[in-house]
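**Q** Coordinates in final20.cif, mmCIF, C-alpha atoms, are listed below.
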data_input
loop_
_atom_site.label_atom_id
_atom_site.label_comp_id
_atom_site.auth_asym_id
_atom_site.auth_seq_id
_atom_site.Cartn_x
_atom_site.Cartn_y
_atom_site.Cartn_z
CA MET A 1 6.71 27.77 -6.00
CA ASN A 2 5.45 27.98 -2.45
CA GLU A 3 2.11 26.12 -2.38
CA SER A 4 -0.75 27.83 -0.56
CA LYS A 5 -2.36 26.01 2.31
CA SER A 6 -5.74 26.13 0.55
CA SER A 7 -4.28 24.54 -2.60
CA PHE A 8 -2.53 21.83 -0.63
CA PHE A 9 -5.56 20.86 1.42
CA ARG A 10 -7.86 21.09 -1.61
CA GLN A 11 -5.68 18.60 -3.48
CA GLY A 12 -5.24 16.50 -0.36
CA ALA A 13 -8.98 16.56 0.31
CA TRP A 14 -9.79 15.36 -3.22
CA LEU A 15 -7.20 12.58 -3.14
CA SER A 16 -8.22 11.59 0.40
CA ALA A 17 -11.90 11.56 -0.60
CA ALA A 18 -11.15 9.52 -3.72
CA THR A 19 -8.96 7.11 -1.77
CA LEU A 20 -11.47 6.85 1.08
CA LEU A 21 -14.31 6.16 -1.37
CA THR A 22 -12.11 3.62 -3.12
CA GLY A 23 -11.35 2.05 0.24
CA GLY A 24 -15.10 1.92 0.87
CA PHE A 25 -15.60 0.17 -2.47
CA MET A 26 -12.83 -2.31 -1.67
CA ILE A 27 -14.12 -2.97 1.83
CA GLY A 28 -17.55 -3.45 0.27
CA ALA A 29 -16.06 -5.99 -2.12
CA GLN A 30 -14.48 -7.75 0.86
CA LEU A 31 -17.81 -7.75 2.68
CA ILE A 32 -19.36 -9.37 -0.39
CA GLY A 33 -16.56 -11.92 -0.12
CA ASN A 34 -17.58 -12.46 3.51
CA THR A 35 -20.79 -14.08 2.21
CA MET A 36 -18.69 -16.96 0.81
CA GLY A 37 -18.03 -18.41 4.25
CA ARG A 38 -15.13 -18.07 6.68
CA GLU A 39 -12.59 -20.24 4.84
CA GLN A 40 -13.02 -18.55 1.45
CA PHE A 41 -13.14 -15.11 3.08
CA GLU A 42 -9.83 -15.70 4.85
CA ILE A 43 -8.30 -16.89 1.56
CA LEU A 44 -9.58 -13.76 -0.18
CA ILE A 45 -8.15 -11.36 2.41
CA MET A 46 -4.83 -13.19 2.45
CA MET A 47 -4.55 -13.08 -1.37
CA LEU A 48 -5.38 -9.37 -1.41
CA ARG A 49 -2.45 -8.84 0.96
CA LEU A 50 -0.28 -11.21 -1.07
CA PHE A 51 -0.61 -9.35 -4.34
CA LEU A 52 0.51 -6.17 -2.57
CA VAL A 53 3.62 -8.02 -1.42
CA LEU A 54 4.13 -9.41 -4.94
CA GLY A 55 4.29 -5.79 -6.06
CA ILE A 56 7.41 -5.15 -3.97
CA PRO A 57 9.84 -5.46 -6.93
CA SER A 58 8.20 -2.43 -8.56
CA ALA A 59 7.26 -0.67 -5.33
CA GLY A 60 10.00 1.91 -5.81
CA LEU A 61 8.89 2.73 -9.35
CA GLN A 62 6.06 5.04 -8.31
CA ILE A 63 8.41 6.98 -6.05
CA VAL A 64 11.23 7.24 -8.57
CA PHE A 65 8.93 8.16 -11.46
CA ALA A 66 7.14 10.70 -9.25
CA GLN A 67 10.45 12.31 -8.40
CA GLN A 68 11.83 12.10 -11.94
CA THR A 69 8.61 13.58 -13.36
CA ALA A 70 8.51 16.37 -10.77
CA ALA A 71 12.13 17.23 -11.56
CA ALA A 72 11.67 17.05 -15.37
CA VAL A 73 11.73 20.82 -15.90
CA THR A 74 13.81 20.90 -19.09
CA PRO A 75 13.15 19.38 -22.55
CA GLU A 76 16.11 17.03 -22.17
CA SER A 77 14.94 15.70 -18.78
CA GLN A 78 11.46 15.21 -20.26
CA ARG A 79 12.92 13.14 -23.11
CA GLN A 80 14.87 11.12 -20.56
CA LEU A 81 11.64 10.50 -18.66
CA ALA A 82 9.80 9.27 -21.77
CA ALA A 83 12.66 6.95 -22.77
CA THR A 84 12.94 5.52 -19.27
CA LEU A 85 9.20 4.89 -19.03
CA ARG A 86 9.01 3.05 -22.37
CA ARG A 87 12.00 0.84 -21.56
CA VAL A 88 11.05 -0.03 -17.99
CA LEU A 89 7.66 -1.56 -18.84
CA PRO A 90 9.03 -4.58 -20.77
CA GLY A 91 11.33 -5.29 -17.82
CA VAL A 92 8.34 -5.27 -15.46
CA PHE A 93 6.54 -7.74 -17.71
CA ALA A 94 9.59 -10.04 -17.75
CA LEU A 95 9.64 -9.96 -13.96
CA TRP A 96 5.97 -10.98 -13.89
CA LEU A 97 6.73 -13.92 -16.20
CA VAL A 98 9.21 -15.17 -13.60
CA MET A 99 6.48 -15.00 -10.93
CA LEU A 100 4.13 -16.90 -13.24
CA LEU A 101 6.66 -19.70 -13.75
CA VAL A 102 7.26 -19.95 -9.99
CA ALA A 103 3.50 -20.23 -9.40
CA ILE A 104 3.16 -22.93 -12.08
CA PHE A 105 5.90 -25.10 -10.63
CA CYS A 106 5.18 -24.43 -6.94
CA ARG A 107 1.37 -24.34 -7.02
CA GLU A 108 0.79 -27.35 -4.76
CA GLY A 109 3.30 -26.23 -2.15
CA LEU A 110 1.89 -22.69 -2.05
CA ALA A 111 -1.68 -23.99 -1.79
CA ARG A 112 -0.72 -26.29 1.07
CA GLN A 113 1.30 -23.70 3.03
CA PHE A 114 -1.34 -20.96 2.83
CA LYS A 115 -4.39 -23.29 2.92
CA LEU A 116 -5.68 -22.24 -0.52
CA GLY A 117 -7.73 -25.33 -1.29
CA ASP A 118 -7.20 -26.39 -4.91
CA GLY A 119 -5.02 -23.32 -5.58
CA ARG A 120 -7.14 -21.89 -8.39
CA VAL A 121 -7.15 -18.53 -6.64
CA LEU A 122 -3.47 -18.12 -7.57
CA TRP A 123 -4.22 -17.43 -11.25
CA PRO A 124 -6.42 -14.33 -10.94
CA THR A 125 -4.10 -13.17 -8.15
CA LEU A 126 -1.20 -13.32 -10.59
CA GLY A 127 -3.28 -11.32 -13.07
CA VAL A 128 -3.76 -8.64 -10.41
CA ALA A 129 -0.04 -8.82 -9.66
CA LEU A 130 0.74 -7.92 -13.29
CA THR A 131 -1.36 -4.76 -13.19
CA TRP A 132 -0.08 -3.98 -9.69
CA LEU A 133 3.51 -4.23 -10.92
CA THR A 134 2.77 -1.94 -13.86
CA LEU A 135 0.48 0.70 -12.35
CA PRO A 136 3.19 2.33 -10.19
CA VAL A 137 4.94 3.58 -13.33
CA PHE A 138 1.89 5.51 -14.53
CA ARG A 139 0.75 6.53 -11.05
CA GLY A 140 4.23 7.91 -10.41
CA VAL A 141 4.05 10.06 -13.54
CA LEU A 142 0.62 11.40 -12.51
CA GLN A 143 1.84 12.05 -8.97
CA GLY A 144 4.99 13.81 -10.20
CA ARG A 145 2.93 16.06 -12.50
CA GLN A 146 0.65 16.79 -9.54
CA ASN A 147 -2.27 15.59 -11.66
CA PHE A 148 -4.18 14.56 -8.57
CA GLY A 149 -7.50 14.72 -10.41
CA ALA A 150 -6.55 11.85 -12.71
CA LEU A 151 -4.75 10.06 -9.89
CA GLY A 152 -7.96 10.12 -7.86
CA TRP A 153 -9.98 8.74 -10.78
CA VAL A 154 -7.44 5.95 -11.28
CA SER A 155 -8.10 4.94 -7.69
CA LEU A 156 -11.88 5.36 -7.89
CA LEU A 157 -12.30 3.25 -11.03
CA ASP A 158 -10.24 0.50 -9.44
CA GLY A 159 -12.60 0.37 -6.47
CA ALA A 160 -15.82 0.81 -8.45
CA GLY A 161 -14.84 -1.83 -10.99
CA ARG A 162 -13.85 -4.21 -8.24
CA ILE A 163 -17.04 -4.01 -6.20
CA THR A 164 -19.24 -4.23 -9.32
CA ALA A 165 -17.46 -7.25 -10.77
CA THR A 166 -17.14 -8.96 -7.38
CA GLY A 167 -20.86 -8.47 -6.72
CA LEU A 168 -21.76 -10.08 -10.04
CA ILE A 169 -19.30 -12.96 -9.73
CA VAL A 170 -19.88 -13.80 -6.06
CA LEU A 171 -23.53 -12.90 -5.47
CA ALA A 172 -25.07 -13.58 -8.89
CA TRP A 173 -22.83 -16.40 -10.10
CA HIS A 174 -21.82 -17.85 -6.69
CA GLY A 175 -18.09 -17.49 -7.26
CA GLN A 176 -15.58 -18.22 -4.53
CA ALA A 177 -12.28 -16.56 -3.59
CA ALA A 178 -10.92 -17.03 -7.11
CA GLY A 179 -13.99 -15.24 -8.48
CA ALA A 180 -13.56 -12.37 -6.04
CA MET A 181 -9.93 -11.98 -7.14
CA LEU A 182 -11.16 -11.92 -10.74
CA GLY A 183 -13.34 -8.99 -9.66
CA ALA A 184 -10.23 -7.28 -8.27
CA LEU A 185 -8.49 -7.85 -11.61
CA THR A 186 -11.41 -6.23 -13.43
CA GLY A 187 -11.08 -3.09 -11.33
CA GLN A 188 -7.34 -2.96 -11.94
CA VAL A 189 -7.84 -3.20 -15.71
CA PHE A 190 -10.20 -0.18 -15.67
CA SER A 191 -7.72 1.69 -13.50
CA MET A 192 -4.82 0.85 -15.81
CA GLY A 193 -6.69 2.11 -18.86
CA VAL A 194 -7.29 5.52 -17.28
CA ALA A 195 -3.68 5.79 -16.06
CA VAL A 196 -2.24 4.98 -19.51
CA TRP A 197 -4.57 7.47 -21.21
CA ALA A 198 -3.91 10.26 -18.70
CA THR A 199 -0.12 9.98 -19.18
CA ARG A 200 -0.13 9.58 -22.98
CA ASP A 201 1.46 12.99 -23.62
CA VAL A 202 4.43 11.96 -21.43
CA TRP A 203 5.28 8.57 -22.90
CA ARG A 204 4.62 9.81 -26.48
CA VAL A 205 7.45 12.34 -26.19
CA ARG A 206 10.40 11.48 -28.37
CA GLY A 207 12.80 9.72 -26.03
CA ALA A 208 16.46 10.40 -25.44
CA ALA A 209 18.92 8.34 -27.40
CA LYS A 210 20.47 6.88 -24.28
CA VAL A 211 19.46 6.31 -20.67
CA ASP A 212 22.21 5.89 -18.10
CA TRP A 213 20.82 2.71 -16.56
CA ALA A 214 23.60 2.38 -13.99
CA VAL A 215 22.65 5.76 -12.52
CA TRP A 216 18.93 4.99 -12.82
CA PHE A 217 19.16 1.65 -11.00
CA ARG A 218 21.25 3.20 -8.26
CA ARG A 219 18.37 5.61 -7.69
CA VAL A 220 15.64 2.98 -7.97
CA LEU A 221 17.20 0.55 -5.50
CA PRO A 222 16.88 2.68 -2.33
CA TYR A 223 13.35 3.71 -3.27
CA THR A 224 12.41 0.08 -3.86
CA LEU A 225 13.92 -1.08 -0.58
CA GLY A 226 12.22 1.73 1.31
CA ALA A 227 8.83 1.08 -0.27
CA ALA A 228 9.24 -2.67 0.24
CA GLY A 229 9.81 -2.19 3.96
CA LEU A 230 6.70 -0.02 4.25
CA ILE A 231 4.62 -2.61 2.37
CA VAL A 232 5.80 -5.36 4.72
CA LEU A 233 4.99 -3.27 7.79
CA ALA A 234 1.47 -2.61 6.50
CA ASN A 235 0.55 -6.02 5.10
CA PHE A 236 2.61 -8.91 6.48
CA ASP A 237 0.51 -9.63 9.57
CA VAL A 238 -2.47 -11.13 7.71
CA ILE A 239 -0.24 -13.32 5.54
CA PHE A 240 1.73 -14.41 8.60
CA LEU A 241 -1.35 -15.30 10.64
CA LYS A 242 -2.94 -17.21 7.78
CA ALA A 243 0.20 -19.32 7.36
CA ALA A 244 1.02 -19.67 11.07
CA ILE A 245 -2.34 -20.74 12.50
CA PRO A 246 -2.68 -24.50 11.95
CA GLY A 247 -5.94 -25.98 10.77
CA THR A 248 -6.48 -27.60 14.16
CA LYS A 249 -6.63 -24.14 15.78
CA ALA A 250 -8.55 -22.34 13.02
CA ASP A 251 -11.85 -22.42 14.93
CA GLU A 252 -10.27 -21.26 18.19
CA PHE A 253 -8.36 -18.32 16.69
CA ASP A 254 -11.10 -17.50 14.12
CA LEU A 255 -9.03 -15.05 12.12
CA GLY A 256 -12.05 -14.00 10.07
CA GLU A 257 -14.06 -12.79 13.09
CA LEU A 258 -11.56 -11.89 15.82
CA TYR A 259 -8.80 -10.09 13.88
CA LEU A 260 -9.63 -9.26 10.24
CA PRO A 261 -12.59 -6.96 11.05
CA ALA A 262 -10.40 -4.85 13.36
CA TRP A 263 -7.60 -4.86 10.80
CA MET A 264 -10.06 -3.47 8.22
CA ILE A 265 -10.74 -0.49 10.54
CA GLY A 266 -7.00 0.18 10.72
CA PHE A 267 -6.83 -0.12 6.93
CA ALA A 268 -9.57 2.51 6.66
CA LEU A 269 -7.39 4.95 8.65
CA THR A 270 -4.62 4.65 6.06
CA GLN A 271 -7.14 5.46 3.33
CA ILE A 272 -7.79 8.80 5.05
CA THR A 273 -4.21 9.79 5.90
CA VAL A 274 -1.75 8.26 3.43
CA PRO A 275 -3.07 10.29 0.43
CA LEU A 276 -1.80 13.45 2.14
CA ALA A 277 1.74 12.05 1.85
CA MET A 278 1.09 11.37 -1.85
CA VAL A 279 0.20 15.03 -2.35
CA MET A 280 3.26 16.10 -0.37
CA PHE A 281 5.83 13.99 -2.24
CA PRO A 282 6.00 15.78 -5.62
CA LYS A 283 5.90 19.17 -3.92
CA ILE A 284 8.94 18.25 -1.83
CA ALA A 285 10.69 16.72 -4.85
CA ARG A 286 10.10 19.84 -6.95
CA SER A 287 11.19 22.02 -4.04
CA ALA A 288 14.43 20.03 -3.82
CA ALA A 289 14.94 20.33 -7.60
CA THR A 290 14.30 24.08 -7.78
CA GLY A 291 15.57 25.20 -4.37
CA ILE A 292 12.27 26.93 -3.58
CA LYS A 293 11.07 26.30 -0.04
CA SER A 294 7.84 24.36 0.54
CA ASP A 295 5.79 23.95 3.73
CA ALA A 296 4.21 20.71 2.45
CA LEU A 297 5.85 18.56 5.14
CA THR A 298 4.41 20.62 8.01
CA LEU A 299 0.93 20.67 6.46
CA THR A 300 1.00 16.91 5.80
CA LEU A 301 2.28 15.98 9.24
CA VAL A 302 -0.25 18.19 11.03
CA GLY A 303 -3.13 16.94 8.86
CA THR A 304 -2.15 13.30 9.37
CA ALA A 305 -1.74 13.73 13.13
CA ILE A 306 -5.12 15.44 13.52
CA LEU A 307 -7.08 12.96 11.37
CA GLY A 308 -5.31 9.92 12.81
CA GLY A 309 -5.41 11.16 16.40
CA LEU A 310 -9.14 11.89 16.28
CA SER A 311 -9.77 8.44 14.77
CA TRP A 312 -7.79 6.73 17.53
CA VAL A 313 -9.53 8.65 20.30
CA GLY A 314 -12.87 7.77 18.71
CA VAL A 315 -12.19 4.03 18.68
CA LEU A 316 -10.79 4.15 22.21
CA LEU A 317 -14.12 5.53 23.39
CA LEU A 318 -16.38 3.49 21.09
CA PRO A 319 -14.41 0.50 19.75
CA LYS A 320 -17.48 -1.44 18.67
CA LEU A 321 -19.16 1.40 16.74
CA PRO A 322 -17.09 1.21 13.51
CA LEU A 323 -17.62 -2.57 13.45
CA GLN A 324 -21.37 -2.11 13.91
CA ILE A 325 -21.39 0.32 10.98
CA LEU A 326 -19.19 -1.73 8.71
CA PHE A 327 -20.52 -5.17 9.60
CA PHE A 328 -24.12 -4.25 10.38
CA ARG A 329 -25.35 -7.49 8.79
CA THR A 330 -22.81 -9.77 10.49
CA PRO A 331 -22.91 -9.13 14.28
CA ALA A 332 -20.46 -12.00 14.85
CA ASN A 333 -17.69 -9.68 13.58
CA TRP A 334 -18.41 -7.21 16.40
CA ALA A 335 -16.48 -9.60 18.64
CA ALA A 336 -13.28 -8.06 17.22
CA ALA A 337 -13.96 -4.80 19.11
CA PRO A 338 -11.14 -5.33 21.69
CA MET A 339 -8.64 -5.35 18.79
CA VAL A 340 -9.83 -2.16 17.09
CA PRO A 341 -7.85 0.38 19.20
CA TRP A 342 -4.71 -1.74 18.83
CA CYS A 343 -4.99 -1.95 15.03
CA VAL A 344 -5.84 1.74 14.66
CA PHE A 345 -2.91 2.81 16.84
CA ALA A 346 -0.52 0.61 14.87
CA MET A 347 -1.72 2.20 11.62
CA LEU A 348 -1.57 5.73 13.10
CA ALA A 349 2.10 5.18 13.91
CA TYR A 350 2.55 3.81 10.38
CA ALA A 351 0.84 6.83 8.77
CA LEU A 352 3.03 9.32 10.67
CA ALA A 353 6.20 7.37 9.89
CA ASN A 354 5.13 7.19 6.23
CA VAL A 355 4.96 11.00 6.05
CA LEU A 356 8.51 11.48 7.34
CA VAL A 357 9.91 8.63 5.24
CA ASN A 358 8.33 10.09 2.09
CA ASP A 359 9.82 13.49 2.90
CA GLN A 360 13.28 11.94 3.20
CA LEU A 361 12.91 9.98 -0.04
CA ALA A 362 11.53 12.96 -1.96
CA ARG A 363 14.72 14.85 -1.01
CA SER A 364 16.89 11.86 -2.06
CA ARG A 365 18.06 11.41 1.53
CA PHE A 366 18.57 7.66 1.69
CA ALA A 367 19.96 7.29 5.21
CA VAL A 368 16.45 6.24 6.28
CA VAL A 369 16.35 3.27 3.89
CA PRO A 370 18.60 0.86 5.86
CA TRP A 371 16.50 1.62 8.93
CA ILE A 372 13.25 0.83 7.11
CA VAL A 373 14.68 -2.49 5.94
CA ALA A 374 16.09 -3.32 9.37
CA VAL A 375 12.79 -2.53 11.13
CA ALA A 376 10.80 -4.58 8.60
CA VAL A 377 13.16 -7.56 8.82
CA GLY A 378 13.20 -7.38 12.61
CA TYR A 379 9.41 -7.20 12.69
CA VAL A 380 9.04 -10.30 10.51
CA ALA A 381 11.73 -12.19 12.43
CA LEU A 382 10.13 -11.37 15.79
CA LEU A 383 6.72 -12.64 14.65
CA VAL A 384 8.29 -15.85 13.39
CA VAL A 385 10.20 -16.38 16.65
CA LEU A 386 7.04 -15.70 18.67
CA THR A 387 4.88 -18.13 16.66
CA PRO A 388 5.12 -21.15 19.04
CA HIS A 389 4.34 -18.93 22.02
CA LEU A 390 1.44 -17.18 20.26
CA LEU A 391 -0.23 -20.51 19.50
CA THR A 392 -0.32 -21.37 23.22
CA MET A 393 -2.04 -18.10 24.16
CA GLU A 394 -5.68 -17.12 24.36
CA PRO A 395 -6.63 -15.73 20.88
CA PHE A 396 -7.15 -12.08 21.85
CA SER A 397 -3.92 -12.08 23.86
CA ALA A 398 -2.05 -13.49 20.84
CA TYR A 399 -3.58 -10.94 18.50
CA ARG A 400 -2.71 -8.10 20.87
CA VAL A 401 0.90 -9.27 20.82
CA VAL A 402 0.88 -9.24 17.02
CA ALA A 403 -0.67 -5.76 16.92
CA GLY A 404 1.79 -4.60 19.58
CA VAL A 405 4.72 -5.83 17.51
CA ILE A 406 3.35 -3.95 14.48
CA GLY A 407 2.79 -0.77 16.50
CA GLY A 408 6.22 -1.04 18.13
CA ALA A 409 7.95 -1.45 14.77
CA ASN A 410 6.10 1.54 13.33
CA LEU A 411 6.90 3.68 16.38
CA LEU A 412 10.57 2.74 16.07
CA LEU A 413 10.56 3.75 12.40
CA LEU A 414 8.75 6.99 13.30
CA GLY A 415 11.43 7.82 15.87
CA VAL A 416 14.27 7.13 13.44
CA ALA A 417 12.62 9.14 10.66
CA ALA A 418 11.98 12.04 13.06
CA PHE A 419 15.63 12.06 14.12
CA LEU A 420 16.81 12.05 10.49
CA THR A 421 14.36 14.85 9.66
CA TRP A 422 15.05 17.21 12.56
CA GLY A 423 17.75 15.69 14.75
CA ARG A 424 20.70 16.49 12.53
CA PRO A 425 21.38 18.86 9.66
CA THR A 426 21.24 17.08 6.33
CA LYS A 427 22.32 18.61 3.07
CA THR A 428 20.03 17.70 0.20
CA PRO A 429 22.06 16.39 -2.73
CA ALA A 430 21.71 18.14 -6.07
CA PRO A 431 19.19 16.26 -8.22
CA ARG A 432 20.57 14.13 -11.00
CA ALA A 433 18.51 13.21 -14.03
CA PRO A 434 18.46 9.43 -14.56
#
Reformat the file's structure so that it appears as structure tokens.
**A**
Amino acid sequence: MNESKSSFFRQGAWLSAATLLTGGFMIGAQLIGNTMGREQFEILIMMLRLFLVLGIPSAGLQIVFAQQTAAAVTPESQRQLAATLRRVLPGVFALWLVMLLVAIFCREGLARQFKLGDGRVLWPTLGVALTWLTLPVFRGVLQGRQNFGALGWVSLLDGAGRITATGLIVLAWHGQAAGAMLGALTGQVFSMGVAVWATRDVWRVRGAAKVDWAVWFRRVLPYTLGAAGLIVLANFDVIFLKAAIPGTKADEFDLGELYLPAWMIGFALTQITVPLAMVMFPKIARSAATGIKSDALTLTLVGTAILGGLSWVGVLLLPKLPLQILFFRTPANWAAAPMVPWCVFAMLAYALANVLVNDQLARSRFAVVPWIVAVAVGYVALLVVLTPHLLTMEPFSAYRVVAGVIGGANLLLLGVAAFLTWGRPTKTPAPRAP
């Protein structure tokens, strides 16, 4: 099944449009949160990054279910898929209960370390974490079936529900960061409902009598580690800065005006480019399962490079323009303009690396996984080591160092993934049904 270029870009265009619109909704919800004041806004952004990190334990589930679904071409493999799906969900819920207990017993320490005030924001964040842990299962099934229409609507309803609920809670009822996170939870609940309904014919299939869990976990582990590393590379900087900048330097470093606005522009780039990799993944996985050649990698890499490259050139020439568009009512945020090219370049390197990493994982080539983990760990360790030095620097200089570390880590991962993709012949292993 060699996908036509028109089919690929049509699917990619829909998913990119849906994801971009969703990103617009989510940025809009964050801008509503910006009306709460700097302290609550910083808490909100940090908690939005935190729940993504809390989703690391299930991060590999979307990938493994996407691959398993794409490769489920026989009745027996389809029964295996249904049985696996129904048995994994209770395990995800048990994992969330552990997180809940940790939050209950460590609430004061977490609130103090991350400057969360009374800590009430933790509870709706944990609610979002539950849906975020569970959604990858259903999103993976939709992705593996190449049901990009439903996958796009899952994303859109998340964003639309979030901005609507956040607007009511924050603007009408004067809620704070905890209220804004409750808005995020509302969007996730709508999204979850659509995902469950759209996959009902999969999980209703009579399941196999037995699932070889040893084989299944051996497959999940590398996907989870790989996805975890990518999540850290995309999201750790905000969490790190919020925890590292002491209260005595909060006004000087002004995270909410000098860094977060530029970071949101970089985030917008991922909303345009990363969906192309989501379209590519099941096509590569099915190609590996059937032995039929696919040109999805070339199309995805070229599309990502063109979209990302044009975006970076645009912000190099006019770094303040996207901030003026996005924050037209808060000119103070335009001060982040010097950081915009740095953040966009870091995310461009991330988007390109993400394409090659997803190609390797779709083919069950796991040599890239230790490199992802090593780069992510090295990135975190370097930021921690640099913390005392960063706090002595002028704010923009410190933020440029942080963005440079992110961009350097992503470029290193891109180079490794490129070498593993083209630098040596790699034999794709025969697919094994979990």
**Q** For Leu182 of chain A, which of A:Ala305, A:Val380, A:Tyr399, A:Ile163 is the closest residue, counting all atoms listed in the file?
**A** A:Ile163
**Q** Kindly extract all protein, DNA and RNA residues lying within 10 Å of the coordinates (0.0, -4.6, -2.6) given in the file, considering all atoms listed in the file, and supply them as a compact mmCIF listing (two decimals) with C-alpha atoms, in the coordinates of the input.
**A**
# COMPACT_ATOMS: atom_id res chain seq x y z
CA MET A 47 -4.55 -13.08 -1.37
CA LEU A 48 -5.38 -9.37 -1.41
CA ARG A 49 -2.45 -8.84 0.96
CA LEU A 50 -0.28 -11.21 -1.07
CA PHE A 51 -0.61 -9.35 -4.34
CA LEU A 52 0.51 -6.17 -2.57
CA VAL A 53 3.62 -8.02 -1.42
CA LEU A 54 4.13 -9.41 -4.94
CA GLY A 55 4.29 -5.79 -6.06
CA ILE A 56 7.41 -5.15 -3.97
CA ALA A 59 7.26 -0.67 -5.33
CA VAL A 128 -3.76 -8.64 -10.41
CA ALA A 129 -0.04 -8.82 -9.66
CA TRP A 132 -0.08 -3.98 -9.69
CA LEU A 133 3.51 -4.23 -10.92
CA ALA A 228 9.24 -2.67 0.24
CA ILE A 231 4.62 -2.61 2.37
CA VAL A 232 5.80 -5.36 4.72
CA ALA A 234 1.47 -2.61 6.50
CA ASN A 235 0.55 -6.02 5.10
**Q** Taking only C-alpha atoms into account, name the residue in A:Gly91, A:Pro322, A:Gly152, A:Pro75 that is nearest to Val202 of chain A.
**A**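 So, comparing all the options, the nearest one is A:Pro75.
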**Q** So, counting only C-alpha atoms, which residue among A:Leu31, A:Leu130, A:Gly226, A:Ser287 is closest to Leu323 of chain A?
**A**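 Closest residue, counting only C-alpha atoms: A:Leu31.
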**Q** Can you list, as a ChimeraX atom specification, every protein, DNA or RNA residue that comes within 12 Å of segment 382-393 of chain A when you count all atoms listed in the file, leaving out same-chain residues fewer than 2 positions away?
**A** /A:233,236-250,252-253,374-380,395-406,408-409
**Q** Which one of A:Thr164, A:Thr421, A:Gln67, A:Asn147 sits closest to Pro282 of chain A if you count all atoms listed in the file?
**A** A:Gln67
**Q** Check what the PyMOL selection byres ((chain A and resi 418) around 10) selects in the file above and give those residues as a short mmCIF file (atom, residue, chain, number, x, y, z; two decimals) with C-alpha atoms, in the frame of the given file.
**A**
data_model
loop_
_atom_site.label_atom_id
_atom_site.label_comp_id
_atom_site.auth_asym_id
_atom_site.auth_seq_id
_atom_site.Cartn_x
_atom_site.Cartn_y
_atom_site.Cartn_z
CA LEU A 352 3.03 9.32 10.67
CA ALA A 353 6.20 7.37 9.89
CA VAL A 355 4.96 11.00 6.05
CA LEU A 356 8.51 11.48 7.34
CA VAL A 357 9.91 8.63 5.24
CA GLN A 360 13.28 11.94 3.20
CA VAL A 368 16.45 6.24 6.28
CA LEU A 412 10.57 2.74 16.07
CA LEU A 413 10.56 3.75 12.40
CA LEU A 414 8.75 6.99 13.30
CA GLY A 415 11.43 7.82 15.87
CA VAL A 416 14.27 7.13 13.44
CA ALA A 417 12.62 9.14 10.66
CA PHE A 419 15.63 12.06 14.12
CA LEU A 420 16.81 12.05 10.49
CA THR A 421 14.36 14.85 9.66
CA TRP A 422 15.05 17.21 12.56
CA GLY A 423 17.75 15.69 14.75
CA ARG A 424 20.70 16.49 12.53
#
